[in-house]
Structures are given as C-alpha cells and as structure tokens.
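S.K.: Quick one: structure below, then a few questions.
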Amino acid sequence: MRVKVLGAGIIGLSVADELLRRGHRVTVVDPAPGAGASYAAAGMLSPSAELWHHEEALLGLGRRSLALWGSYADRLGVPVRTDGTLLVGYDAGDRQQVARQVALVEKHGGRVERCADGSAVLPDEASTDPRAVVTALLGRVPVVPVDSAGDHDATVLATGATLPSPYASLVRGVRGEILRLRSDDPPARTLRGWVHGDAVYVVPRHRGEVVVGATSEEHDAPPVVTAGGVRRLLTAARALWPALDRAELVEATARDRPCTPDNLPLVGPAVEAADGVVLAAGHYRHGVLLAPLTAYLVADHLETGVVDPVLDPRRFTGGDR
Ligand SMILES: Cc1cc2nc3c(=O)[nH]c(=O)nc-3n(C[C@H](O)[C@H](O)[C@H](O)COP(=O)(O)OP(=O)(O)OC[C@H]3O[C@@H](n4cnc5c(N)ncnc54)[C@H](O)[C@@H]3O)c2cc1C
C-alpha cells in the first residue's frame, strides 16, 4: 500500500517504521519532526503506577505494549531501564495514597513488592528516553516538511494534540510542564510519589540526567513553562529526593498531551474504513508506552481491516462500524 502519515512524533514515526518493515510505501509529513509532546515526555513505560480508577482498558493496552518494548527497543538500538517504579508518600496522607495505588494495582493482578516504610516497588515497570527513540526512528523513516500531493491508498493522522479538521474536537491539549536536571546522585529507579497531595515523579536516565514531572492543566493557550509549575515540581521532587538541591537545572519544557474524552487513544478509521483516513492520536499520558502497540494495530488495520473496538474512533465520530 501507499500510505501517507501526517505527524512525526513517536506515534506517527512508529507507525511508519512498522509499515516500512512490512513492505509498504510510506510518506511521512511534518514541518517540525519530534517537536511535539514526544519531545517533553518522561519516557516512563508505566501502565500500573499511572493507573487511575476506571482505566482497566488502558491498563490492558499498556501491559500489551510494555511486553513489546524489549524487542522494539532492541530493533531501534535504544536502552530501556527495567528497574521498576518505587511508589512513595511523603506525609501520612501521601502514604495512604500509595496504599490506595498498591491496592488498585494488586486488584488488577499487578506485581507489587511492599517495603517496611509504606513505600512499594512495581518491579515490572520500565523507562526509556523518548528523544533517543525519536532520533532512532528519524534515522529509519524519512520525513518531508510539506505535503506534496500524490496518490495514496490511506492517510494516517498522527498529529498529536492538534488533529486537522474535521477531527480537531476529538482531541484536546492538556498542558504538561517537565524539568530536566543533571545530578551526581540520581535515584536508582523511577520514583513516583505524592508530597502533601501533589503527584510528582523523578526518572533517572543515563549520565546523571534526571527528569522531574509533570504538571497537568487544561487550557486553550499554547503550552508555556510557568514559574508556579517549576516551583511546585521542584518543591515536591526535592522532598522525595533531597540530593536534587545540588543538581544542575538543565531545561524546563511544556507541551500538550493529546487527550480524548474517555482518555483512550483513537486508533482506526476516522469515519468509514472506505475513505482511507485512519487516526492514530489521543494517546494522552501514555503515548511512549503505547507506541509499539499502536504501530502494530494501525498496520494490522490497514492490511486486514481489523479494529480494536475500545480504540475505534467511530465511538465518537458516529461513523459506520
Ligand atoms: C510532560 C509530559 C510527560 C509525559 N510523560 C510520558 C511518559 O512518561 N510516558 C508516556 O508513555 N507518555 C508520556 N507523555 C505522553 C506522550 O508524550 C504523548 O502521548 C506522545 O508523545 C504523543 O505522541 P504523538 O506522536 O501522538 O504526538 P506528538 O509527539 O505531539 O507529535 C505530533 C507531531 O505532529 C506534527 N503535526 C502537527 N500538526 C501537523 C500537520 N497538520 N501536519 C503534519 N504534522 C503535524 C507535530 O509537529 C508533531 O511533531 C508525556 C507527555 C507530556 C507532555
């Protein structure tokens, strides 16, 4: 097939890479490849620590995609850390929040190692560097800045938080601010915690890089880093990992997470399978985690017509199923 992919974030690039692997002809169009939410993401491959109530479908998708990450990362030549996630609470109320998260994870069959101080390790969770992933994908998938007309059998819309008309209203941006620091004393694994009720995570990377995130705010304006956001993140992260006081603050970034009305991605035909427009968007807080699974699902759909009903965009567009 000849497939046009709009959007060279982690989703569009993963889809394009999978289609190329399967022998299809692919054109990817993006005026600013890799500059969207994928540029900001912390890279946690974290279906359980990020689990919210009533997100069982998302948990299932996350687990399926996490299982694909090892071979996916090997193929791209990017490292994945498999140290797990430490859930930790600062005060008594925060430790109750840890206990609630542990109960939720266990209810859904996730492995948890409880620690004496009320913290808990989720040993099956992992993390990666999304910028390294995008760079590796850009080395495999050619991207053009401008859409030059040409015949295509299908068009995949993977434009993140800004879907083109008439699909724009299906996705809204949820601003996330995130910090990058360099520390000579980083944590050994991802910390995910609560400090006086504020959620925060601290993700260690190679060469002492530490990522601290993230704020979450609905808004209509372009995403910017705010003084209040940075203060809140640093205060909470420093309470969990005091060594961050000595860390170099390298970068503060804000991007929009692409969010849908039910927090589940849109993967499948936009309206009718016959019109050849396929959505691969709305991955909200989990686009890095879900990239390899999304790539398979889009490629399978284009080849066989199969659609996962949970992700079918026609649940919102009212198109023919
Ligand atoms: C602060 C923060 C932390 C996060 N942490 C994590 C995490 O730890 N783990 C995780 O799994 N997820 C995380 N996420 C979510 C993740 O970043 C997103 O779900 C994911 O990056 C979405 O990828 P995407 O390719 O759909 O969108 P994007 O990365 O936004 O890419 C969309 C691309 O489309 C292009 N584009 C836009 N319009 C057009 C057009 N008309 N034509 C052509 N191209 C166009 C843009 O230039 C952009 O390159 C985080 C997000 C944020 C903001």
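The way I read the labels, and the way they are meant: chains A, B, ... in the order of the structure tokens, residue 1 as the first residue of every chain, and ligand 1 as the first ligand shown, with later ones counted on from there.
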At a cut-off of 6 Å and counting only C-alpha atoms and all ligand atoms, what residues surround ligand 1? Please answer as a PyMOL selection string.

M.R.: chain A and resi 6-12+29-38+40-45+158-162+164+176-178+214+255-257+281+283-289

S.K.: Per DSSP on the backbone, what are the strand (DSSP E) residues of segment 86-278 of chain A, as a ChimeraX atom specification?

M.R.: /A:86-89,113-114,120-122,126-128,143-144,154-157,172-182,190-195,198-204,209-213,217-218,248-259,266-269,277-278

S.K.: Nearest residue to Ser183 of chain A out of A:Ala295, A:Val210, A:Ala239, A:Val15, using only C-alpha atoms?

M.R.: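 Selected residue with least distance to Ser183 of chain A: A:Val210.
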
S.K.: Pick from A:Leu61, A:Ala49, A:Ala154, A:Val121: nearest to Val105 of chain A, with only C-alpha atoms counted?

M.R.: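 Closest to Val105 of chain A of all the choices is A:Ala49.
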
S.K.: Hey, what's within 9 Å of Leu170 of chain A if we count only C-alpha atoms and toss same-chain stuff fewer than 3 positions away? As a count of residues only, please?

M.R.: 10

S.K.: Please return as a ChimeraX atom specification: the residues of segment 24-271 of chain A that backbone DSSP assigns to helix (DSSP H, G or I).

M.R.: /A:37-40,56-76,92-107,130-140,168-170,206-208,227-240,242-246

S.K.: Give me the residues near Leu138 of chain A as an mmCIF file with N, CA and C atoms, in the first residue's frame, where near means some atom within 9 Å (using only C-alpha atoms) and where sequence neighbours in that chain fewer than 2 positions away do not count.

M.R.:
data_model
loop_
_atom_site.group_PDB
_atom_site.id
_atom_site.type_symbol
_atom_site.label_atom_id
_atom_site.label_comp_id
_atom_site.auth_asym_id
_atom_site.auth_seq_id
_atom_site.Cartn_x
_atom_site.Cartn_y
_atom_site.Cartn_z
ATOM 1 N N ALA A 8 5.188 13.411 12.709
ATOM 2 C CA ALA A 8 6.383 12.617 13.014
ATOM 3 C C ALA A 8 6.739 12.759 14.486
ATOM 4 N N LEU A 13 5.862 8.149 13.716
ATOM 5 C CA LEU A 13 7.117 7.510 13.300
ATOM 6 C C LEU A 13 7.082 6.001 13.554
ATOM 7 N N PRO A 33 9.517 17.694 12.926
ATOM 8 C CA PRO A 33 9.522 16.314 13.423
ATOM 9 C C PRO A 33 10.027 16.227 14.859
ATOM 10 N N GLY A 34 9.335 15.453 15.660
ATOM 11 C CA GLY A 34 9.786 15.169 17.028
ATOM 12 C C GLY A 34 9.678 16.327 17.993
ATOM 13 N N VAL A 133 14.527 7.584 21.276
ATOM 14 C CA VAL A 133 13.653 6.754 20.442
ATOM 15 C C VAL A 133 13.297 7.503 19.154
ATOM 16 N N VAL A 134 12.904 8.774 19.299
ATOM 17 C CA VAL A 134 12.519 9.562 18.128
ATOM 18 C C VAL A 134 13.719 9.737 17.189
ATOM 19 N N THR A 135 14.891 9.997 17.755
ATOM 20 C CA THR A 135 16.093 10.141 16.918
ATOM 21 C C THR A 135 16.365 8.848 16.140
ATOM 22 N N ALA A 136 16.230 7.703 16.819
ATOM 23 C CA ALA A 136 16.456 6.417 16.148
ATOM 24 C C ALA A 136 15.427 6.215 15.037
ATOM 25 N N ARG A 140 15.501 6.015 10.544
ATOM 26 C CA ARG A 140 14.963 4.910 9.738
ATOM 27 C C ARG A 140 13.832 5.342 8.825
ATOM 28 N N VAL A 141 13.169 6.444 9.194
ATOM 29 C CA VAL A 141 11.961 6.867 8.484
ATOM 30 C C VAL A 141 12.185 8.255 7.903
ATOM 31 N N PRO A 142 12.204 8.402 6.582
ATOM 32 C CA PRO A 142 12.360 9.745 6.010
ATOM 33 C C PRO A 142 11.104 10.591 6.234
ATOM 34 N N VAL A 143 11.318 11.872 6.541
ATOM 35 C CA VAL A 143 10.202 12.791 6.791
ATOM 36 C C VAL A 143 10.357 13.994 5.873
#

S.K.: Need the shell around Arg75 of chain A: protein/DNA/RNA residues with any atom at most 12 Å away, counting only C-alpha atoms. Skip same-chain ones fewer than 2 positions apart. Format as a PyMOL selection string?

M.R.: chain A and resi 14+17-18+21+68-73+77-80+133+136-137+140+292

S.K.: Just want the 12 Å neighbourhood of His206 of chain A, counted on only C-alpha atoms, with same-chain residues fewer than 6 positions away dropped. Output as a list in words.

M.R.: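 In the requested form, the answer reads Val78, Pro79, Val80, Arg81, Ser127, Thr128, Asp129, Ala132, Leu181, Arg182, Ser183, Asp184, Asp185, Pro186, Pro187, Ala188 and Arg189 of chain A.
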